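Raw contents of final_30.tsv, TSV, C-alpha atoms and all ligand atoms:
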```
chain	number	residue	atom	x	y	z
A	1	MET	CA	38.55	-16.87	12.08
A	2	ARG	CA	37.29	-14.81	9.26
A	3	ASP	CA	35.48	-11.52	9.79
A	4	PRO	CA	31.71	-11.72	9.29
A	5	PRO	CA	30.54	-10.23	6.01
A	6	PRO	CA	29.63	-6.55	6.20
A	7	ALA	CA	25.98	-5.75	6.75
A	8	PRO	CA	24.27	-5.10	3.42
A	9	SER	CA	23.87	-1.41	2.77
A	10	PRO	CA	20.97	-0.09	0.74
A	11	PRO	CA	21.74	0.63	-2.88
A	12	PRO	CA	22.21	4.33	-3.52
A	13	PRO	CA	18.86	5.97	-4.14
A	14	ARG	CA	18.01	6.82	-7.68
A	15	GLU	CA	17.84	10.47	-8.37
A	16	ALA	CA	17.59	12.60	-11.45
A	17	GLU	CA	20.27	11.71	-13.95
A	18	THR	CA	23.79	12.63	-12.88
A	19	PRO	CA	25.66	14.53	-15.58
A	20	GLN	CA	29.15	13.46	-16.67
A	21	GLU	CA	32.33	15.60	-16.67
A	22	PRO	CA	33.02	18.27	-17.85
A	23	LYS	CA	30.06	20.21	-16.50
A	24	ARG	CA	28.54	23.45	-17.75
A	25	PRO	CA	27.11	25.84	-15.12
A	26	GLU	CA	23.59	24.48	-15.53
A	27	GLU	CA	24.99	20.96	-15.24
A	28	GLU	CA	26.78	21.97	-12.02
A	29	GLU	CA	23.43	23.14	-10.69
A	30	ALA	CA	21.77	19.86	-11.64
A	31	HIS	CA	24.64	17.93	-10.08
A	32	ALA	CA	24.22	19.87	-6.83
A	33	ALA	CA	20.54	19.01	-6.86
A	34	ASP	CA	21.40	15.34	-7.35
A	35	ALA	CA	23.82	15.44	-4.43
A	36	ALA	CA	21.09	16.99	-2.29
A	37	ALA	CA	18.71	14.26	-3.40
A	38	VAL	CA	21.14	11.60	-2.20
A	39	ALA	CA	21.61	13.37	1.14
A	40	VAL	CA	17.91	13.79	1.77
A	41	ALA	CA	17.18	10.29	0.59
A	42	GLY	CA	19.26	8.94	3.46
A	43	LYS	CA	16.48	9.81	5.92
A	44	TYR	CA	13.65	8.90	3.61
A	45	TRP	CA	15.13	5.74	2.06
A	46	ALA	CA	13.32	3.56	4.56
A	47	HIS	CA	10.03	5.11	3.41
A	48	ARG	CA	10.59	4.49	-0.28
A	49	HIS	CA	7.95	1.79	-0.66
A	50	SER	CA	5.37	3.73	1.32
A	51	LEU	CA	5.98	6.71	-0.96
A	52	PHE	CA	5.82	4.60	-4.11
A	53	SER	CA	4.96	0.91	-3.83
A	54	LEU	CA	6.51	0.40	-7.29
A	55	TYR	CA	9.74	2.16	-6.26
A	56	ASP	CA	11.82	-0.88	-7.22
A	57	ARG	CA	10.60	-0.68	-10.82
A	58	GLY	CA	12.63	2.50	-11.27
A	59	VAL	CA	10.78	5.39	-9.61
A	60	ARG	CA	12.90	8.54	-9.65
A	61	MET	CA	13.03	11.28	-7.02
A	62	ASP	CA	14.87	14.48	-6.28
A	63	ALA	CA	15.61	16.04	-2.88
A	64	GLU	CA	12.32	17.88	-2.55
A	65	GLY	CA	10.47	14.86	-3.89
A	66	TRP	CA	11.83	12.68	-1.09
A	67	TYR	CA	10.43	14.86	1.65
A	68	SER	CA	7.32	16.16	-0.15
A	69	ALA	CA	5.79	13.28	-2.06
A	70	THR	CA	2.47	12.20	-0.59
A	71	PRO	CA	2.75	8.60	0.63
A	72	GLU	CA	0.94	6.32	-1.79
A	73	ALA	CA	-1.71	5.04	0.65
A	74	ILE	CA	-2.64	8.61	1.56
A	75	ALA	CA	-2.66	9.75	-2.07
A	76	ALA	CA	-4.88	6.77	-2.96
A	77	ALA	CA	-7.35	7.62	-0.18
A	78	GLN	CA	-7.46	11.25	-1.34
A	79	ALA	CA	-7.98	10.14	-4.94
A	80	ALA	CA	-10.82	7.83	-3.94
A	81	ARG	CA	-12.91	10.93	-3.13
A	82	ALA	CA	-12.79	12.12	-6.75
A	83	ALA	CA	-15.57	11.24	-9.15
A	84	PRO	CA	-14.59	8.50	-11.61
A	85	ALA	CA	-13.38	9.91	-14.92
A	86	GLY	CA	-13.53	13.43	-13.56
A	87	LEU	CA	-11.03	16.12	-14.44
A	88	VAL	CA	-8.56	16.80	-11.65
A	89	LEU	CA	-6.07	19.65	-11.49
A	90	ASP	CA	-3.02	18.76	-9.39
A	91	ALA	CA	-1.70	22.28	-8.84
A	92	PHE	CA	1.68	21.41	-7.24
A	93	ALA	CA	2.38	18.06	-8.82
A	94	GLY	CA	5.97	17.44	-7.65
A	95	VAL	CA	7.28	14.02	-8.65
A	96	GLY	CA	3.74	12.79	-9.25
A	97	GLY	CA	2.65	11.08	-6.03
A	98	ASN	CA	-0.89	12.46	-6.20
A	99	SER	CA	-1.34	12.78	-9.96
A	100	ILE	CA	-0.52	9.10	-10.37
A	101	GLN	CA	-3.06	8.01	-7.77
A	102	PHE	CA	-5.81	10.21	-9.23
A	103	ALA	CA	-5.11	8.73	-12.66
A	104	ALA	CA	-4.91	5.18	-11.33
A	105	ARG	CA	-7.84	5.64	-8.96
A	106	HIS	CA	-8.61	2.35	-7.16
A	107	ALA	CA	-6.15	0.35	-9.25
A	108	PRO	CA	-4.48	-2.05	-6.83
A	109	ALA	CA	-0.77	-1.42	-6.24
A	110	GLY	CA	1.38	-3.45	-8.61
A	111	ARG	CA	-1.49	-3.96	-11.04
A	112	PRO	CA	-1.97	-0.55	-12.62
A	113	LEU	CA	-5.14	0.10	-14.52
A	114	LEU	CA	-4.45	-0.25	-18.22
A	115	VAL	CA	-5.99	3.09	-18.96
A	116	SER	CA	-5.28	3.35	-22.67
A	117	ARG	CA	-7.08	0.05	-23.26
A	118	THR	CA	-10.07	0.89	-21.14
A	119	LEU	CA	-10.75	4.13	-22.98
A	120	LEU	CA	-12.00	2.27	-26.04
A	121	SER	CA	-14.01	-0.90	-26.10
A	122	PRO	CA	-12.00	-3.78	-27.58
A	123	ALA	CA	-13.77	-3.56	-30.93
A	124	ASN	CA	-13.96	0.24	-30.79
A	125	THR	CA	-17.71	-0.01	-31.30
A	126	GLY	CA	-18.65	2.84	-29.03
A	127	VAL	CA	-19.95	0.39	-26.42
A	128	SER	CA	-19.61	1.69	-22.89
A	129	PHE	CA	-16.26	1.16	-21.24
A	130	SER	CA	-15.15	1.31	-17.66
A	131	CYS	CA	-12.66	3.96	-16.67
A	132	ARG	CA	-12.26	4.53	-12.98
A	133	GLY	CA	-9.21	6.73	-13.22
A	134	CYS	CA	-9.40	10.51	-13.41
A	135	TYR	CA	-8.04	12.70	-16.14
A	136	VAL	CA	-5.34	14.79	-14.55
A	137	VAL	CA	-3.71	18.08	-15.43
A	138	ALA	CA	-0.49	18.13	-13.42
A	139	VAL	CA	1.00	21.60	-12.99
A	140	GLU	CA	4.53	21.89	-11.62
A	141	ILE	CA	6.89	24.86	-11.77
A	142	ASP	CA	10.12	22.83	-11.83
A	143	PRO	CA	10.73	21.25	-15.25
A	144	ARG	CA	13.07	18.62	-13.79
A	145	LYS	CA	10.30	17.40	-11.49
A	146	VAL	CA	7.87	17.25	-14.40
A	147	GLU	CA	10.23	14.85	-16.13
A	148	LEU	CA	10.51	12.75	-12.97
A	149	ALA	CA	6.72	12.75	-12.57
A	150	ARG	CA	6.19	11.75	-16.20
A	151	HIS	CA	8.70	8.92	-15.80
A	152	ASN	CA	7.01	7.75	-12.59
A	153	ALA	CA	3.56	7.90	-14.21
A	154	ARG	CA	4.88	5.65	-16.99
A	155	ILE	CA	5.94	3.08	-14.38
A	156	TYR	CA	2.40	3.09	-13.00
A	157	GLY	CA	0.92	2.76	-16.48
A	158	VAL	CA	-1.02	6.02	-16.25
A	159	GLU	CA	1.10	8.43	-18.31
A	160	ASP	CA	-1.69	8.67	-20.92
A	161	MET	CA	-4.15	9.94	-18.31
A	162	ILE	CA	-2.00	12.88	-17.20
A	163	GLU	CA	-1.33	16.13	-19.05
A	164	PHE	CA	1.90	17.54	-17.62
A	165	VAL	CA	2.31	21.30	-17.63
A	166	VAL	CA	5.46	23.13	-16.62
A	167	GLY	CA	4.23	26.38	-15.15
A	168	ASP	CA	3.32	28.59	-12.24
A	169	PHE	CA	-0.06	27.56	-10.84
A	170	PHE	CA	-0.94	31.17	-9.90
A	171	LEU	CA	-0.36	32.41	-13.46
A	172	LEU	CA	-2.21	29.49	-15.04
A	173	ALA	CA	-5.15	29.40	-12.62
A	174	PRO	CA	-7.31	32.07	-14.35
A	175	TYR	CA	-7.31	29.97	-17.52
A	176	LEU	CA	-8.18	26.61	-15.96
A	177	LYS	CA	-11.41	24.70	-15.19
A	178	ALA	CA	-11.74	21.29	-13.54
A	179	ASP	CA	-14.04	19.18	-11.36
A	180	LEU	CA	-11.56	19.04	-8.51
A	181	VAL	CA	-8.39	20.87	-7.53
A	182	PHE	CA	-5.80	19.08	-5.42
A	183	LEU	CA	-3.42	21.32	-3.46
A	184	SER	CA	-0.20	20.14	-1.82
A	185	PRO	CA	1.95	23.27	-1.94
A	186	PRO	CA	5.42	23.45	-0.35
A	187	TRP	CA	5.24	23.60	3.44
A	188	GLY	CA	8.63	25.31	3.75
A	189	GLY	CA	10.76	22.17	4.00
A	190	PRO	CA	11.13	19.45	6.64
A	191	SER	CA	11.44	22.07	9.41
A	192	TYR	CA	7.69	22.76	9.13
A	193	ASN	CA	7.18	20.82	12.36
A	194	GLN	CA	9.54	22.97	14.43
A	195	THR	CA	6.64	25.22	15.35
A	196	PRO	CA	3.81	24.04	17.65
A	197	VAL	CA	1.14	25.50	15.40
A	198	TYR	CA	1.55	25.81	11.64
A	199	THR	CA	-0.43	28.76	10.29
A	200	LEU	CA	-1.58	29.05	6.69
A	201	ASP	CA	0.64	32.08	6.03
A	202	MET	CA	3.62	29.70	6.33
A	203	LEU	CA	2.74	27.87	3.10
A	204	LYS	CA	4.94	28.63	0.08
A	205	PRO	CA	5.11	30.36	-2.32
A	206	LYS	CA	1.90	32.13	-1.21
A	207	ASP	CA	-0.26	31.86	1.89
A	208	GLY	CA	-3.09	29.37	2.15
A	209	HIS	CA	-5.82	31.91	1.41
A	210	ALA	CA	-4.22	32.92	-1.88
A	211	VAL	CA	-3.76	29.26	-2.85
A	212	PHE	CA	-7.35	28.41	-1.94
A	213	GLN	CA	-8.85	31.44	-3.70
A	214	ALA	CA	-6.98	30.60	-6.90
A	215	ALA	CA	-8.31	27.03	-6.69
A	216	GLN	CA	-11.91	28.16	-6.03
A	217	LYS	CA	-12.05	29.85	-9.42
A	218	ILE	CA	-11.17	26.53	-11.07
A	219	ALA	CA	-13.43	23.98	-9.39
A	220	PRO	CA	-16.21	23.59	-6.81
A	221	ASN	CA	-14.31	20.78	-5.06
A	222	ILE	CA	-10.92	21.18	-3.41
A	223	ILE	CA	-8.66	18.82	-1.50
A	224	MET	CA	-5.67	20.19	0.46
A	225	PHE	CA	-2.85	18.20	2.05
A	226	LEU	CA	-1.44	20.12	5.00
A	227	PRO	CA	1.01	19.71	7.90
A	228	ARG	CA	-0.14	17.67	10.89
A	229	ASN	CA	0.42	20.72	13.13
A	230	VAL	CA	-1.73	23.03	10.98
A	231	ASP	CA	-4.20	25.36	12.71
A	232	ILE	CA	-7.33	23.43	11.76
A	233	SER	CA	-9.70	26.29	12.60
A	234	GLN	CA	-7.91	28.42	9.99
A	235	VAL	CA	-8.35	25.63	7.48
A	236	GLU	CA	-12.07	25.35	8.21
A	237	GLU	CA	-12.41	29.12	7.74
A	238	LEU	CA	-11.38	28.65	4.11
A	239	SER	CA	-14.78	27.07	3.49
A	240	TRP	CA	-16.40	30.38	4.51
A	241	LEU	CA	-14.77	32.13	1.54
A	242	SER	CA	-17.71	30.76	-0.48
A	243	SER	CA	-21.31	31.77	-0.03
A	244	PRO	CA	-22.96	29.57	1.09
A	245	PRO	CA	-19.93	28.01	2.80
A	246	LEU	CA	-18.52	24.88	1.19
A	247	ASP	CA	-19.05	21.57	2.97
A	248	PHE	CA	-15.89	20.85	4.95
A	249	GLU	CA	-14.23	17.80	6.42
A	250	SER	CA	-10.75	17.25	7.77
A	251	GLU	CA	-9.06	13.92	8.22
A	252	GLU	CA	-5.84	12.82	9.87
A	253	SER	CA	-3.80	10.92	7.30
A	254	TYR	CA	-1.67	8.02	8.53
A	255	VAL	CA	0.82	5.55	7.13
A	256	GLN	CA	1.14	2.46	9.32
A	257	HIS	CA	-0.15	4.32	12.38
A	258	ARG	CA	2.24	7.23	11.82
A	259	PHE	CA	0.53	10.59	11.56
A	260	LYS	CA	1.76	12.21	8.33
A	261	GLY	CA	-0.55	15.13	7.63
A	262	ILE	CA	-4.05	16.56	7.55
A	263	THR	CA	-6.25	16.19	4.49
A	264	ALA	CA	-8.95	18.86	4.15
A	265	TYR	CA	-11.91	18.27	1.84
A	266	PHE	CA	-14.12	21.11	0.56
A	267	GLY	CA	-17.33	20.81	-1.46
A	268	ASP	CA	-18.94	17.55	-2.59
A	269	VAL	CA	-15.77	15.60	-1.75
A	270	ALA	CA	-16.40	16.29	1.96
A	271	ARG	CA	-18.41	13.58	3.72
A	301	LIG	P1	7.82	14.56	7.45
A	301	LIG	O1	7.17	14.99	8.70
A	301	LIG	O2	8.97	15.39	6.95
A	301	LIG	O3	8.30	13.07	7.49
A	301	LIG	O4	6.75	14.52	6.29
A	301	LIG	P2	8.11	12.00	8.66
A	301	LIG	O5	8.85	10.80	8.23
A	301	LIG	O6	6.65	11.84	8.96
A	301	LIG	O7	8.87	12.76	9.79
A	301	LIG	P3	9.14	12.39	11.26
A	301	LIG	O8	8.67	13.60	11.99
A	301	LIG	O9	8.36	11.14	11.58
A	301	LIG	O10	10.61	12.20	11.31
A	301	LIG	C1	5.60	13.68	6.33
A	301	LIG	C2	4.88	13.79	5.01
A	301	LIG	O11	4.43	15.14	4.88
A	301	LIG	C3	5.74	13.55	3.78
A	301	LIG	O12	5.78	12.18	3.43
A	301	LIG	C4	5.04	14.37	2.73
A	301	LIG	O13	3.96	13.65	2.21
A	301	LIG	C5	4.49	15.53	3.52
A	301	LIG	N1	5.33	16.72	3.40
A	301	LIG	C6	6.41	17.02	4.14
A	301	LIG	N2	6.91	18.20	3.72
A	301	LIG	C7	8.06	18.87	4.28
A	301	LIG	C8	6.12	18.66	2.71
A	301	LIG	C9	6.11	19.84	1.90
A	301	LIG	O14	6.94	20.73	2.01
A	301	LIG	N3	5.11	19.94	0.99
A	301	LIG	C10	4.17	18.95	0.83
A	301	LIG	N4	3.22	19.13	-0.08
A	301	LIG	N5	4.16	17.83	1.58
A	301	LIG	C11	5.12	17.70	2.51
A	302	LIG	N1	2.06	16.13	-4.12
A	302	LIG	C1	3.39	16.06	-4.69
A	302	LIG	C2	4.40	16.88	-3.89
A	302	LIG	C3	4.21	18.37	-4.00
A	302	LIG	S1	5.53	19.28	-3.26
A	302	LIG	C4	3.82	14.61	-4.80
A	302	LIG	O1	3.18	13.74	-4.20
A	302	LIG	O2	4.82	14.33	-5.48
A	302	LIG	C5	5.14	20.88	-3.82
A	302	LIG	C6	5.58	21.17	-5.26
A	302	LIG	O3	5.10	22.47	-5.63
A	302	LIG	C7	7.09	21.22	-5.48
A	302	LIG	O4	7.45	20.22	-6.39
A	302	LIG	C8	7.35	22.61	-6.07
A	302	LIG	O5	8.33	22.63	-7.09
A	302	LIG	C9	5.99	22.98	-6.61
A	302	LIG	N2	5.70	24.42	-6.76
A	302	LIG	C10	6.14	25.44	-6.00
A	302	LIG	N3	5.63	26.60	-6.43
A	302	LIG	C11	4.82	26.32	-7.48
A	302	LIG	C12	3.98	27.11	-8.33
A	302	LIG	N4	3.89	28.43	-8.18
A	302	LIG	N5	3.28	26.49	-9.29
A	302	LIG	C13	3.38	25.14	-9.46
A	302	LIG	N6	4.17	24.35	-8.70
A	302	LIG	C14	4.87	24.92	-7.71
```
Once more with this new file: its structure as structure tokens, please.
Ligand code: MGP
Ligand code: SAH
Amino acid sequence: MRDPPPAPSPPPPREAETPQEPKRPEEEEAHAADAAAVAVAGKYWAHRHSLFSLYDRGVRMDAEGWYSATPEAIAAAQAARAAPAGLVLDAFAGVGGNSIQFAARHAPAGRPLLVSRTLLSPANTGVSFSCRGCYVVAVEIDPRKVELARHNARIYGVEDMIEFVVGDFFLLAPYLKADLVFLSPPWGGPSYNQTPVYTLDMLKPKDGHAVFQAAQKIAPNIIMFLPRNVDISQVEELSWLSSPPLDFESEESYVQHRFKGITAYFGDVAR
């Protein structure tokens, strides 16, 4: 009797491009990052379609992207709070999970809004057009992630709606204005949930107050995506940094009944 065929194994996850031999020092560094991406992707592979429903069309990730990208359904719900055609600053854009959903706002998965066509009426007569997506400025400090995010935005058909900026949000903040700032800073890696209560001073690279205060100077409306074990009273206190205090709402964000994080809304985006 013949052995049964081996169980199908998932194809290796795509990561940032793997350099060929021989490698220069910077290529070694990139290669190490790719290896890390593959390792991390092992745990997150099963979540690939909840992170990006169009994953199979060629979405690219790196290690941090695998564990940090906002799942698409959550990012879409967050984006739905933004005003249509508003200007959104995604301060920690990563591989683009949130920027893409703000730009594609309400476009059903798999049928991305054809933004470049909706900006002009067919005859270019100046007749009103419908554009439900937001204009997004996506700031990200890691240039490799910006390339991944740009590539992913292209897959979703929204690259034209997003201005990608490689830079440090804290340095750029004084020069920026927007209708809404979206904040999903690093939580300190997957071990964020090893503590019973996550306090805002654990956010990276600066504590939650510093992040929030930088955002307040940019826009009257702020959305923050935070760990599910965050101290929610601390988060609410951020609204008191304004006078009068900003409207505040917090929401538990789920993917298929699994609790993934807390979304905090400040300003007109709070219900
Ligand atoms: P998770 O808790 O690491 O995954 O992250 P999971 O599968 O819920 O873990 P488990 O406990 O069920 O095994 C859940 C979600 O939180 C991720 O999909 C990201 O959207 C978000 N997230 C996680 N981390 C570590 C970060 C981070 O450092 N920064 C940001 N912005 N989001 C993160
Ligand atoms: N919401 C994103 C994930 C963000 S993870 C998504 O869905 O894809 C947090 C990101 O913040 C990381 O990619 C990290 O490189 C970036 N980052 C860290 N410090 C930063 C800074 N000072 N300015 C801008 N980006 C920063």
Distance filter 6 Å around ligand LIG 301 (chain A), atoms: all atoms listed in the file, out as number ranges by chain: A: 67-71, 184-190, 260-261
Just-selected residues, C-alpha atoms written as a PDB file, keeping the file's coordinate frame:
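Contents of the output file selection-v1.pdb:
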```pdb
ATOM      1  CA  TYR A  67      10.430  14.860   1.650  1.00  0.00           C
ATOM      2  CA  SER A  68       7.320  16.160  -0.150  1.00  0.00           C
ATOM      3  CA  ALA A  69       5.790  13.280  -2.060  1.00  0.00           C
ATOM      4  CA  THR A  70       2.470  12.200  -0.590  1.00  0.00           C
ATOM      5  CA  PRO A  71       2.750   8.600   0.630  1.00  0.00           C
ATOM      6  CA  SER A 184      -0.200  20.140  -1.820  1.00  0.00           C
ATOM      7  CA  PRO A 185       1.950  23.270  -1.940  1.00  0.00           C
ATOM      8  CA  PRO A 186       5.420  23.450  -0.350  1.00  0.00           C
ATOM      9  CA  TRP A 187       5.240  23.600   3.440  1.00  0.00           C
ATOM     10  CA  GLY A 188       8.630  25.310   3.750  1.00  0.00           C
ATOM     11  CA  GLY A 189      10.760  22.170   4.000  1.00  0.00           C
ATOM     12  CA  PRO A 190      11.130  19.450   6.640  1.00  0.00           C
ATOM     13  CA  LYS A 260       1.760  12.210   8.330  1.00  0.00           C
ATOM     14  CA  GLY A 261      -0.550  15.130   7.630  1.00  0.00           C
TER      15      GLY A 261
END
```
Determine the nearest neighbour of ligand LIG 302 (chain A) from the options A:Gly42, A:Gly157, A:Pro245, A:Pro205, counting only C-alpha atoms and all ligand atoms.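 Selected residue with least distance to ligand LIG 302 (chain A): A:Pro205.
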Close residues, Ala178 of chain A itself excluded, 7 Å, all atoms listed in the file, min 6 positions apart in chain, as a ChimeraX atom specification: /A:87-89,218-219
So that I can see what lies close to Asn193 of chain A, please list as a PyMOL selection string the residues with an atom at most 9 Å from it, counting all atoms listed in the file and leaving out residues fewer than 3 positions away in the same chain. chain A and resi 190+196-198+227-229
Any residue with an atom at most 9 Å from ligand LIG 302 (chain A) counts, using all atoms listed in the file. Which are they? Put them as an MDAnalysis selection string. chainID A and resid 51 61 64:72 75 90:100 138:143 145:146 149 166:172 182:187 204:206 225
Record the distance separating atom CA of Leu238 of chain A and atom CA of Ala83 of chain A, expressed in Å with one decimal. 22.3 Å
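Atom CA of Leu226 of chain A sits 9.1 Å away from atom CA of Leu200 of chain A.
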What does the structure give for the distance between atom CA of Ile74 of chain A and atom CA of Ile262 of chain A, in Å to one decimal? 10.1 Å
Using all atoms listed in the file for the distances, tell me which of A:Val255, A:Gln101, A:Tyr135, A:Glu249 is nearest to His49 of chain A.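 Checking each candidate against His49 of chain A, we get A:Val255 as the closest.
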Excluding same-chain residues fewer than 6 positions from Pro174 of chain A, what lies within 10 Å of it counting only C-alpha atoms, as a PyMOL selection string? chain A and resi 214-215+217-218
The centre and edge lengths of an axis-aligned box containing all atoms of segment 45-62 of chain A present in the file, extended by 6 Å on each side, are to be given in Å to one decimal, as AutoDock Vina command-line options.
```
--center_x 10.0 --center_y 6.8 --center_z -3.4 --size_x 22.2 --size_y 27.4 --size_z 27.8
```
Given the choices A:Trp240, A:Trp45, A:Phe212, A:Tyr254, which gets closest to Ala76 of chain A if the distance is worked out from all atoms listed in the file?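 Result for the nearest residue to Ala76 of chain A: A:Tyr254.
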Pick the closest to Phe102 of chain A from A:Leu180, A:Ile155, A:Leu241, A:Thr195: which is it, counting all atoms listed in the file?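 For Phe102 of chain A, the nearest of the candidates is A:Leu180.
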